[in-house]
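Taking it in order: structure first as structure tokens, then the write-up.
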Amino acid sequence: MNPFLEALGSRVLVLDGAMGTLLQERGLPPGGCPELMNRTAPDVVAGIHGEYAEAGADIIVTNTFGGNRPKLSHYGLEGEVTDLNRRGVELARRAAGRSGFVAGSIGPTGRFLEPVGDAGFQEMLDIFAEQIRALADAGADLITFETFLDVRELRAGIIACHDVCALPIIAQLTFDDGGRTVLGTPPEAAAVTLDALGVDIIGSNCGLGIDGIYAVLERMRAVTPRPLIAQANAGLPRLIDGCTVFPGTPEEMTTFHDRLIALGTRVIGGCCGTTPAHIRAIRAALDGRPQGWTPPVRRGCLSSRSAVVPLGGDVPCALIGERINPTGKKAYTEELRAGKTAYIRREAQEQTVAGAHLLDVNCGAPGVDEPAALERAVFAVSGAVMAPLVLDSSDPVALERGLQAVDGKVLINSVSGERKSLERILPLARRYGAAVIGLALDEQGIPATAEGRLDVARKIRDAAVAAGLPAEDVLIDCLTLTVSAEPQGAVETLRALRLVRSELGLATVLGVSNISFGLPSRPVLSSAFFAMALEAGLKAAIVNPKDVRMMDAYRAAVLLLGQDPRAEGYIAAYAKPEGNDLKVPAPERDASGPRPLDIRERLAAAVITGDSEGVVPLIDEALAGGLPAMAVSNEGLLPGLEEVGRRFGAGRIFLPQVMQSAETMQAAFARLKSAMAGDTGPSLGKILMATVEGDIHDIGKNIVCTLLENHGFEVIDLGKNVPAARILEAARQHRVDAVGLSALMTTTIQQMEKVIAELRAAGVKVFTMVGGAVVTQDYADSIGADLYARDALEAVAKIKKLLGAGG
């Protein structure tokens with residue numbers, strides 16, 4: 001066994017604490033590159049490592065958090081990835097010795113993947129592979145991914161790590177006090193996704209104190225048997241006498257030890273504000289405590305960026321919406337050929353509103369570039385709804401493109417018992433952390449008997465486990481044959497369901513409506529068979545959730561089988577009036593009634609649903625119908641954007657959906673500008689935006705800029721790492737109404753106070769707005785900022801109110 005994993009099994013390991021703040025205390029200049037100190041001040045870096053080792057840390061983390069090509073490029077060091085990472089490992093090893101473990105630190109690149117950002121998945125794989133290869137070649141014992149905000153970027157890093165080396169992997173995301181990442185991922189979805197990728201330890205670092213980290217890990221434990229890691233901040237930062245202070249004492253960092261150990265936390269360390277004193281206390285508090293732990297039983301689950309759906313076990317049958325499939329759908333096929341996604345988005349929304357838990361996505365049709373189409377479809381569905389996906393393709397190239405595009409753990413539809421199929425599909429499932437549907441057929445075709453299908457199912461399961469997939473990630477399709485051609489087919493399928501469950505312990509899935517093909521009144525037969533299959537233990541069903549009779553059968557059977565406690569699902573479906581306000585209307589239809597939407601409402605719906613393809617034709621229709629361009633904007637588009645803000649504030653949508661709506665607004669305004677002939681209406685105000693000096697993180701600031709422009713503000717964006725003097729000069733030059741400042745790092749937050757003080761000393765009369773991951777309302781008040789915003793939409797709402805711009 002790997003020595004690190006062997007140690008992990010025998011005791012709780014202690015990981016070291018904060019690096020950046022100690023480097024700054026010992027000579028790192030504001031805005032300087034921490035990783036460069038591996039070369040220019042090696043004794044300083046090694047000294048910090050040594051202090052943590054002396055304090056009792058088992059794991060020493062390299063000073064390479066920002067050692068990837070994009071981050072180093074901010075300092076002109078993009079060609080130094082290998083050297084700086086190699087030096088980082090050597091310095092950590094000097095402190096850890098041969099008895100300790102060196103963890104190669106990997107941080108985010110500072111870029112978002114498509115479609116939220118502009119980074120391609122293969123590009124991200126290459127970036128991470130370069131850094132990981134350098135760390136592994138230099139002798140790191142394990143790789144630790146820290147402080148990630150985007151689970152898809154973290155997926156890319158983990159896949160690159162598996163490609164490059166066989167080192168153990170720690171994977172951590174950062175969550176806010178609402179229990180989600182910046183892009184809306186909850187701990188459960190993160191854990192399901194990371195578990196499927198085969199990491200060794202899952203957890204969270206930064207952003208929260210030990211109580212918040214424990215709450216995150218508790219939610220992760222509900223869906224994964226993996227060992228956990230806790231790397232809490234020393235409390236939440238406060239500004240005292242102009243300095244950022246983390247108030248958590250060393251003793252406070254140990255108050256959750258017993259609960260963490262019982263939860264299966266096998267690594268405990270520190271993040272921002274922790275020092276060797278904190279690590280010494282963590283070490284001392286572990287000594288003498290029982291540290292045994294038995295992993296819980298693994299459960300089958302799928303995930304999207306923002307949701308989890310359990311499969312198998314004692315949970316009710318999951319419904320897989322079947323309608324995103326070009327078979328028999330000429331209009332959808334034409335849309336695929338044209339590279340459009342309107343049908344896909346509409347069906348995704350309507351099927352989830354109708355009750356689908358998962359969505360099958362099939363883009364295979366003659367004349368269609370299936371790999372490109374499947375990627376577009378994944379982006380479209382993921383932006384429209386929260387449901388996890390089922391990727392339906394027989395083309396491995398298309399499957400891989402789709403698997404790179406997903407945000408979570410998906411289900412591949414499908415693999416069969418044929419050797420060629422097993423060899424092509426199972427490695428993809430393993431590499432990208434997917435579950436698979438196994439068709440109970442092989443080179444000899446579909447076995448006539450349930451026993452024959454059981455044998456194929458066993459072969460598929462054994463091959464999947466040998467390929468590295470957990471058995472819980474294999475769902476067996478016992479195959480529904482049309483009863484008109486196979487009179488005994490239904491009986492054998494139902495027998496096969498029971499055999500697979502009792503003999504193999506695997507979950508089962510069926511394409512239910514195949515039973516009635518070629519017969520009249522198909523819903524009558526399909527719904528009856530569906531109820532029988534549910535009684536036989538069916539755990540996933542590929543159905544049309546908009547078929548009322550099928551949904552009636554499903555809800556009734558689930559209740560009668562004792563899987564709907566207190567009849568809550570049944571009552572919710574049948575006791576409420578139609579028109580639930582949580583339903584998202586499709587652009588062309590009002591879900592609350594038969595009245596068609598007018599053009600203004602359709603424009604708003606296009607913004608709400610992020611339909612960047614459909615919004616321009618709607619604008620053309622509105623203009624042709626006599627609606628003035630300003631009315632298109634003020635009475636159609638902007639009300640839609642305001643609704644996006646309300647839904648975001650209510651936690652019903654998250655940042656990726658907000659950005660899609662913002663992109664839709666940009667497409668709309670690009671069309672409107674030509675119609676307005678230069679008359680774009682009055683600006684709501686002129687805003688200067690900047691990330692403060694020393695901070696190279698600008699993702700959040702860029703999102704604020706985009707949304708401010710959408711709402712009618714003129715934005716001057718100075719970029720990142722901007723000195724106070726330049727901000728002051730630009731504020732005067734452009735005569736702005738407000739200055740917005742962003743900071744992500746505790747080591748740069750003080751620059752906000754400096755900028756505000758210099759603006760006031762120079763007599764520049766502007767409102768000031770601050771925000772960023774480490775900024776709080778208390779801090780904003782203490783430095784005299786006019787407003788604080790915790791996210792981009794709140795920033796827009798507050799600046800509009802401050803400037804008297806309405807809204």
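Letters A, B, ... go to the chains of the structure tokens in the order shown; residues in each chain start at 1; ligands are counted from 1 in the same order.
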Problem set entry | Contact residues around Leu538 (chain A) with only C-alpha atoms at 10 Å, ignoring same-chain residues under 6 positions, as a list in words |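 Everything that qualifies: Gly312, Pro316, Cys317, Ala318, Ile476, Asp477, Cys478, Leu494, Leu497, Arg498, Arg501, Ala507, Thr508, Val509, Leu510, Phe530, Ala531 and Met532 of chain A.
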For this session: From a DSSP calculation on the backbone, collect every residue of region 531-684 of chain A in helix (DSSP H, G or I) and output the set as a VMD selection string.
Result: chain A and resid 531 to 535 548 to 560 565 to 574 599 to 608 615 to 624 629 to 649 655 to 676
For this session: Write out as a ChimeraX atom specification each polymer residue whose atoms come within 9 Å of region 742-757 of chain A, counting only C-alpha atoms; drop sequence neighbours fewer than 3 positions from it.
Result: /A:20-21,24,30-31,237,239,242-245,272,689-698,700-701,720,723-725,727-728,760-762,768-775,780,782-785
Exercise. With only C-alpha atoms as the atoms that count, which of A:Ile542, A:Ile653, A:Ala490, A:Ala384 lies nearest to Ala606 (chain A)?
Worked result: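 The shortest atom-to-atom distance to Ala606 (chain A) comes from A:Ala384.
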Determine, using only C-alpha atoms, which residues of region 218-315 of chain A have any atom at most 6 Å from an atom of region 182-192 of chain A, and tabulate each with its shortest atom pair and distance in Å to one decimal place, rows ordered by chain and then rising number, as JSON lines.
{"residue": "A:Arg219", "atom": "CA", "partner": "A:Glu188", "partner_atom": "CA", "distance": 5.9}
{"residue": "A:Met220", "atom": "CA", "partner": "A:Glu188", "partner_atom": "CA", "distance": 5.0}
{"residue": "A:Ser303", "atom": "CA", "partner": "A:Ala189", "partner_atom": "CA", "distance": 5.5}
{"residue": "A:Arg305", "atom": "CA", "partner": "A:Thr185", "partner_atom": "CA", "distance": 5.4}
{"residue": "A:Ser306", "atom": "CA", "partner": "A:Thr185", "partner_atom": "CA", "distance": 4.6}
{"residue": "A:Ala307", "atom": "CA", "partner": "A:Ala189", "partner_atom": "CA", "distance": 5.6}
{"residue": "A:Val308", "atom": "CA", "partner": "A:Ala189", "partner_atom": "CA", "distance": 5.4}
Exercise. Interatomic distance between CA of Pro168 (chain A) and CA of Gly402 (chain A)?
Worked result: 26.7 Å
Exercise. Expressed in Å to a single decimal, how great is the separation between CA of Leu603 (chain A) and CA of Val632 (chain A)?
Worked result: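 These atoms are spaced 7.9 Å apart.
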For this session: Could you give me, as number ranges by chain, the residues within 9 Å of region 71-76 of chain A, counting only C-alpha atoms and dropping anything in the same chain fewer than 5 positions from it?
Result: A: 32-33, 35, 66, 81, 108-110, 696
Limited to C-alpha atoms, could you put the picked residues into a file as a compact mmCIF listing (two decimals), in the first residue's frame?
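part_9.txt, written as the output of this step:
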# COMPACT_ATOMS: atom_id res chain seq x y z
CA GLY A 32 4.76 39.87 -5.15
CA CYS A 33 4.81 36.27 -6.37
CA GLU A 35 6.21 30.99 -5.55
CA GLY A 66 -0.26 29.68 -7.59
CA VAL A 81 6.46 26.38 -13.90
CA PRO A 108 -7.18 27.44 -9.25
CA THR A 109 -5.98 29.01 -12.48
CA GLY A 110 -8.07 32.14 -12.05
CA ILE A 696 -4.40 39.26 -9.33
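When CA of Glu714 (chain A) is paired with CA of Arg735 (chain A), their separation reads 11.6 Å.
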Problem set entry | Best match for closeness to Ala160 (chain A) among A:Phe713, A:Tyr432, A:Trp293, A:Tyr332, counting only C-alpha atoms | A:Tyr432
Exercise. Which residues come within 9 Å of region 94-105 of chain A, counting only C-alpha atoms, excluding same-chain residues fewer than 3 positions away, as a PyMOL selection string?
Worked result: chain A and resi 4+46-54+57-67+85+88-91+132+135-136+139-146+170
Exercise. What's the 8 Å shell around region 193-198 of chain A, counting only C-alpha atoms, without same-chain residues fewer than 4 positions away, as number ranges by chain?
Worked result: A: 155, 158-159, 171, 189, 202, 224, 226, 302-303, 408-409, 430-434
Output the selection as a compact mmCIF listing (two decimals), in the first residue's frame - all heavy atoms for each residue.
# COMPACT_ATOMS: atom_id res chain seq x y z
N ARG A 155 -12.54 19.18 -11.49
CA ARG A 155 -12.60 17.93 -12.26
C ARG A 155 -11.43 17.84 -13.24
O ARG A 155 -10.77 16.80 -13.35
CB ARG A 155 -13.90 17.84 -13.07
CG ARG A 155 -15.15 17.48 -12.31
CD ARG A 155 -16.33 17.30 -13.28
NE ARG A 155 -16.29 16.02 -13.96
CZ ARG A 155 -16.26 15.86 -15.26
NH1 ARG A 155 -16.23 16.89 -16.08
NH2 ARG A 155 -16.24 14.65 -15.78
N ILE A 158 -8.17 17.03 -11.42
CA ILE A 158 -8.09 15.65 -10.95
C ILE A 158 -7.85 14.69 -12.11
O ILE A 158 -7.04 13.76 -12.02
CB ILE A 158 -9.39 15.29 -10.19
CG1 ILE A 158 -9.48 16.10 -8.90
CG2 ILE A 158 -9.44 13.79 -9.89
CD1 ILE A 158 -10.85 16.09 -8.26
N ILE A 159 -8.55 14.90 -13.22
CA ILE A 159 -8.35 14.04 -14.39
C ILE A 159 -6.92 14.18 -14.89
O ILE A 159 -6.26 13.18 -15.23
CB ILE A 159 -9.37 14.41 -15.49
CG1 ILE A 159 -10.78 14.01 -15.04
CG2 ILE A 159 -9.02 13.71 -16.81
CD1 ILE A 159 -11.89 14.61 -15.88
N ALA A 171 -8.80 16.58 -2.54
CA ALA A 171 -9.56 17.54 -3.34
C ALA A 171 -10.46 18.36 -2.43
O ALA A 171 -11.29 17.80 -1.70
CB ALA A 171 -10.39 16.81 -4.39
N ALA A 189 -23.24 17.76 -3.74
CA ALA A 189 -22.94 17.62 -5.17
C ALA A 189 -21.44 17.55 -5.39
O ALA A 189 -20.95 16.77 -6.22
CB ALA A 189 -23.55 18.77 -5.96
N ILE A 202 -11.60 13.90 0.47
CA ILE A 202 -12.49 14.98 0.03
C ILE A 202 -12.71 15.93 1.19
O ILE A 202 -12.82 15.49 2.34
CB ILE A 202 -13.84 14.42 -0.45
CG1 ILE A 202 -13.65 13.53 -1.69
CG2 ILE A 202 -14.84 15.52 -0.76
CD1 ILE A 202 -14.89 12.76 -2.07
N THR A 224 -20.82 10.17 0.62
CA THR A 224 -19.55 9.55 0.24
C THR A 224 -18.93 8.80 1.41
O THR A 224 -19.01 9.26 2.56
CB THR A 224 -18.53 10.60 -0.27
OG1 THR A 224 -17.29 9.94 -0.57
CG2 THR A 224 -18.27 11.67 0.77
N ARG A 226 -15.66 8.29 1.43
CA ARG A 226 -14.25 8.66 1.38
C ARG A 226 -13.79 9.32 2.69
O ARG A 226 -14.58 10.00 3.36
CB ARG A 226 -14.00 9.64 0.23
CG ARG A 226 -14.37 9.14 -1.14
CD ARG A 226 -13.28 8.31 -1.76
NE ARG A 226 -13.65 7.89 -3.11
CZ ARG A 226 -12.94 7.05 -3.85
NH1 ARG A 226 -11.80 6.56 -3.38
NH2 ARG A 226 -13.34 6.72 -5.07
N LEU A 302 -26.02 10.40 -8.54
CA LEU A 302 -25.57 11.22 -9.65
C LEU A 302 -25.61 12.67 -9.21
O LEU A 302 -26.32 13.02 -8.25
CB LEU A 302 -26.45 11.01 -10.89
CG LEU A 302 -26.49 9.61 -11.49
CD1 LEU A 302 -27.44 9.59 -12.68
CD2 LEU A 302 -25.11 9.13 -11.90
N SER A 303 -24.87 13.53 -9.92
CA SER A 303 -24.84 14.93 -9.52
C SER A 303 -24.75 15.84 -10.73
O SER A 303 -24.26 15.45 -11.80
CB SER A 303 -23.64 15.20 -8.60
OG SER A 303 -22.42 14.97 -9.28
N GLY A 408 -20.82 17.52 -13.28
CA GLY A 408 -20.93 16.57 -12.18
C GLY A 408 -20.74 15.13 -12.63
O GLY A 408 -20.08 14.84 -13.62
N LYS A 409 -21.36 14.24 -11.86
CA LYS A 409 -21.30 12.81 -12.15
C LYS A 409 -22.55 12.44 -12.95
O LYS A 409 -23.67 12.56 -12.46
CB LYS A 409 -21.26 12.01 -10.85
CG LYS A 409 -21.27 10.50 -11.04
CD LYS A 409 -21.33 9.79 -9.70
CE LYS A 409 -21.44 8.28 -9.86
NZ LYS A 409 -21.59 7.60 -8.55
N ARG A 430 -14.64 5.53 -16.22
CA ARG A 430 -13.67 5.60 -15.12
C ARG A 430 -12.92 6.92 -15.13
O ARG A 430 -12.74 7.56 -14.10
CB ARG A 430 -12.68 4.42 -15.23
CG ARG A 430 -11.63 4.42 -14.13
CD ARG A 430 -12.28 4.10 -12.79
NE ARG A 430 -11.36 4.24 -11.69
CZ ARG A 430 -11.19 5.36 -10.96
NH1 ARG A 430 -11.89 6.44 -11.25
NH2 ARG A 430 -10.35 5.40 -9.96
N ARG A 431 -12.45 7.33 -16.29
CA ARG A 431 -11.64 8.54 -16.37
C ARG A 431 -12.44 9.78 -15.96
O ARG A 431 -11.92 10.65 -15.25
CB ARG A 431 -11.11 8.74 -17.80
CG ARG A 431 -10.19 9.95 -17.93
CD ARG A 431 -9.58 10.07 -19.31
NE ARG A 431 -8.47 11.03 -19.30
CZ ARG A 431 -8.34 12.04 -20.14
NH1 ARG A 431 -9.25 12.23 -21.09
NH2 ARG A 431 -7.31 12.86 -20.05
N TYR A 432 -13.70 9.86 -16.39
CA TYR A 432 -14.47 11.07 -16.16
C TYR A 432 -15.46 10.95 -15.00
O TYR A 432 -16.27 11.85 -14.77
CB TYR A 432 -15.21 11.46 -17.44
CG TYR A 432 -14.27 11.91 -18.53
CD1 TYR A 432 -13.89 11.05 -19.55
CD2 TYR A 432 -13.73 13.19 -18.51
CE1 TYR A 432 -13.00 11.46 -20.54
CE2 TYR A 432 -12.85 13.61 -19.49
CZ TYR A 432 -12.49 12.74 -20.50
OH TYR A 432 -11.60 13.16 -21.48
N GLY A 433 -15.39 9.86 -14.24
CA GLY A 433 -16.22 9.74 -13.06
C GLY A 433 -17.69 9.63 -13.34
O GLY A 433 -18.51 10.34 -12.74
N ALA A 434 -18.07 8.73 -14.24
CA ALA A 434 -19.48 8.55 -14.61
C ALA A 434 -19.97 7.17 -14.20
O ALA A 434 -19.19 6.24 -14.02
CB ALA A 434 -19.65 8.73 -16.12
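The residue set within 8 Å of Val796 (chain A), counting only C-alpha atoms and dropping same-chain residues fewer than 2 places from it, reads Val704, Leu707, Leu708, His711, Ala792, Leu793, Glu794, Lys798, Ile799 and Lys800 of chain A.
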Exercise. For Lys539 (chain A), which residue out of A:Val381, A:Cys301, A:Ala572, A:Val353 is the nearest one, using only C-alpha atoms?
Worked result: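 Closest to Lys539 (chain A), using only C-alpha atoms: A:Cys301.
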